[in-house]
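Trainee: Take this structure first; my questions come after.
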Amino acid sequence: MKWILWIFTVLAGILILITVIGYLLPKEHTITREARFHQSPEAVWKAITDIDAMPSWRQGLKSVKRLPDKNGLPAWIETLDSGIIPLETETSLPPLRLVVRIADPKLPFGGTWTYEITPAPEGCSLRIREDGEVYNPIFRFVSRFVLGYSGTIDAYLKSLGRKFGEQTKVEN
C-alpha cells in the first residue's frame, strides 16, 4: 500500500511540474518551414487548395467535410488521427499566398498557417508559417517538448512531396 501512495505522489508531482512549466511557456509561437518541389507554383497551389483530394495524400488526414464558404472563401472540417479541426480560409491569392485559420475557439490550440509559394527555375518552394497559440498549459508543454511545434508542418510538406513522387527536404 505504501508503494502505491509513493507512485501516486510521484505522478502527481510530475503532473504539477508539467503544468507549472506549461504556464511559464508563452501561449504564442511562430514556426516556419520550407521545402522545394520540382513542380510549377500552379501545381502546388492546386494540391494545397483541393480540399476534397487532401485525404488521398496527407499523412494522418482521414477525411474532410466541406462547410459553407465564409466571406466567399472555403471552409471545412478535417478529421485527423488526433481529432477534428474546423478550418477556414482567410486569404487566397493564387498561386502565391494562402492563409488558413483554425475556426474553433474551444480547441486547446488555435492560429493560422500562411502558405507562400515562390517560383524557382526548377519548380517552386513552399514556405509554411504557423502563428500558433496553445491555451492549455499541459498541452502547451506537450506541444513544445513532446510533439514539437514543427511536427505537423514537417509531415505536411513530406506528404506533399510524396504526392508528387519527390523526396522532400524540409528546411527552416
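Residues in the C-alpha cells are named by chain (A, B, ... in the order shown) and by number from 1 within that chain; ligands are numbered from 1 in the order shown.
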Name all residues at most 9 Å from Asp52 (chain A) (count only C-alpha atoms; drop same-chain ones fewer than 4 positions away) and give them as a count of residues only.

Mentor: 5

Trainee: Counting only C-alpha atoms, what is within 12 Å of region 1-15 of chain A, bar same-chain residues fewer than 2 positions away, as JSON, numbers by chain?

Mentor: {"A": [17, 18, 19, 20, 21, 22, 137, 138, 139, 141, 142]}

Trainee: So that each row is one residue of region 10-94 of chain A with an atom at most 6 Å from region 100-108 of chain A, can you give its shortest atom pair and the distance in Å to one decimal, using only C-alpha atoms, rows by chain and rising number, as CSV?

Mentor:
```
residue,atom,partner,partner_atom,distance
A:Pro86,CA,A:Ala103,CA,5.2
A:Leu87,CA,A:Ile102,CA,4.6
A:Glu88,CA,A:Arg101,CA,5.4
A:Thr89,CA,A:Val100,CA,4.4
A:Glu90,CA,A:Val100,CA,5.6
```

Trainee: Mind pulling up the distance from CA of Gly148 (chain A) to CA of Leu80 (chain A)?

Mentor: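 Between CA of Leu80 (chain A) and CA of Gly148 (chain A) the gap is 17.5 Å.
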
Trainee: Write out as a VMD selection string all residues of region 20-155 of chain A that backbone DSSP assigns to strand (DSSP E or B).

Mentor: chain A and resid 28 to 37 61 to 70 73 to 80 83 to 93 97 to 102 109 to 120 123 to 134

Trainee: For a test of reading the model, state the distance in Å between CA of Ala53 (chain A) and CA of Ala75 (chain A), rounded to one decimal.

Mentor: 14.5 Å

Trainee: Please identify all polymer residues within 9 Å of Ile31 (chain A), counting only C-alpha atoms, omitting same-chain residues fewer than 6 positions from it, and present them as a list in words.

Mentor: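 In the requested form, the answer reads Ile128, Arg129, Glu130, Asp131, Gly132, Tyr149, Ser150, Ile153 and Asn172 of chain A.
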
Trainee: DSSP on the backbone, then: every residue of region 59-167 of chain A marked helix (DSSP H, G or I), written as a list in words.

Mentor: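 Answer for region 59-167 of chain A restricted to helix (DSSP H, G or I) is Pro137, Ile138, Phe139, Arg140, Phe141, Val142, Ser143, Arg144, Phe145, Val146, Leu147, Gly151, Thr152, Ile153, Asp154, Ala155, Tyr156, Leu157, Lys158, Ser159, Leu160, Gly161, Arg162 and Lys163 of chain A.
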
Trainee: May I ask which of the residues A:Gly60, A:Gly110, A:Gly161, A:Gly123 is the closest one to Thr30 (chain A), counting only C-alpha atoms?

Mentor: A:Gly110

Trainee: Fewer than 3 positions away in the same chain doesn't count, so skip those; otherwise give me all residues within 9 Å of region 38-51 of chain A, counting only C-alpha atoms, as a list in words.

Mentor: Met54, Pro55, Val64, Lys65, Arg66, Pro74, Trp76, Pro94, Pro95, Leu96, Arg97, Leu98, Tyr115, Ile117, Thr118, Pro119, Ala120, Glu122, Gly123, Cys124, Ser125, Leu126, Leu160, Lys163, Phe164 and Glu166 of chain A

Trainee: Please produce a file of the residues just selected, as a short mmCIF file (atom, residue, chain, number, x, y, z; two decimals), in the first residue's frame, where the atoms kept are C-alpha atoms.

Mentor:
```cif
data_model
loop_
_atom_site.label_atom_id
_atom_site.label_comp_id
_atom_site.auth_asym_id
_atom_site.auth_seq_id
_atom_site.Cartn_x
_atom_site.Cartn_y
_atom_site.Cartn_z
CA MET A 54 -6.28 16.05 -49.40
CA PRO A 55 -7.11 12.74 -47.64
CA VAL A 64 -12.67 16.30 -44.90
CA LYS A 65 -16.15 17.74 -44.85
CA ARG A 66 -16.86 20.90 -46.80
CA PRO A 74 -13.59 27.83 -48.47
CA TRP A 76 -14.08 22.74 -43.99
CA PRO A 94 -3.50 32.18 -56.35
CA PRO A 95 -0.92 30.80 -56.87
CA LEU A 96 1.27 32.58 -54.36
CA ARG A 97 -0.33 33.05 -50.92
CA LEU A 98 -2.90 31.25 -48.81
CA TYR A 115 1.46 29.26 -47.27
CA ILE A 117 4.75 29.73 -52.94
CA THR A 118 7.82 31.19 -54.63
CA PRO A 119 8.62 30.33 -58.26
CA ALA A 120 12.10 28.98 -58.96
CA GLU A 122 13.49 24.17 -61.21
CA GLY A 123 9.92 24.47 -59.88
CA CYS A 124 9.00 26.35 -56.72
CA SER A 125 9.35 26.47 -52.97
CA LEU A 126 6.55 26.31 -50.44
CA LEU A 160 3.07 16.83 -50.36
CA LYS A 163 2.11 13.17 -53.64
CA PHE A 164 4.43 14.48 -56.35
CA GLU A 166 9.57 13.56 -54.75
#
```

Trainee: Please report the interatomic distance between CA of Trp57 (chain A) and CA of Ser143 (chain A) in Å with one decimal.

Mentor: 24.2 Å

Trainee: Have a look at A:Ile16, A:Val170, A:Val134, A:Val99 and name the one nearest to Leu157 (chain A); count only C-alpha atoms.

Mentor: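 Among the listed residues, A:Val170 lies closest to Leu157 (chain A).
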
Trainee: Which residue gives the smallest distance to Glu28 (chain A) among A:Pro121, A:Arg140, A:Thr79, A:Leu61, with only C-alpha atoms counted?

Mentor: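 Answer, going by the shortest atom-to-atom distance: A:Arg140.
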
Trainee: Could you check the closest approach to Thr168 (chain A) for each of A:Lys70, A:Arg36, A:Arg144, A:Arg127 and tell me which residue wins, using only C-alpha atoms?

Mentor: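 The shortest atom-to-atom distance to Thr168 (chain A) comes from A:Arg36.
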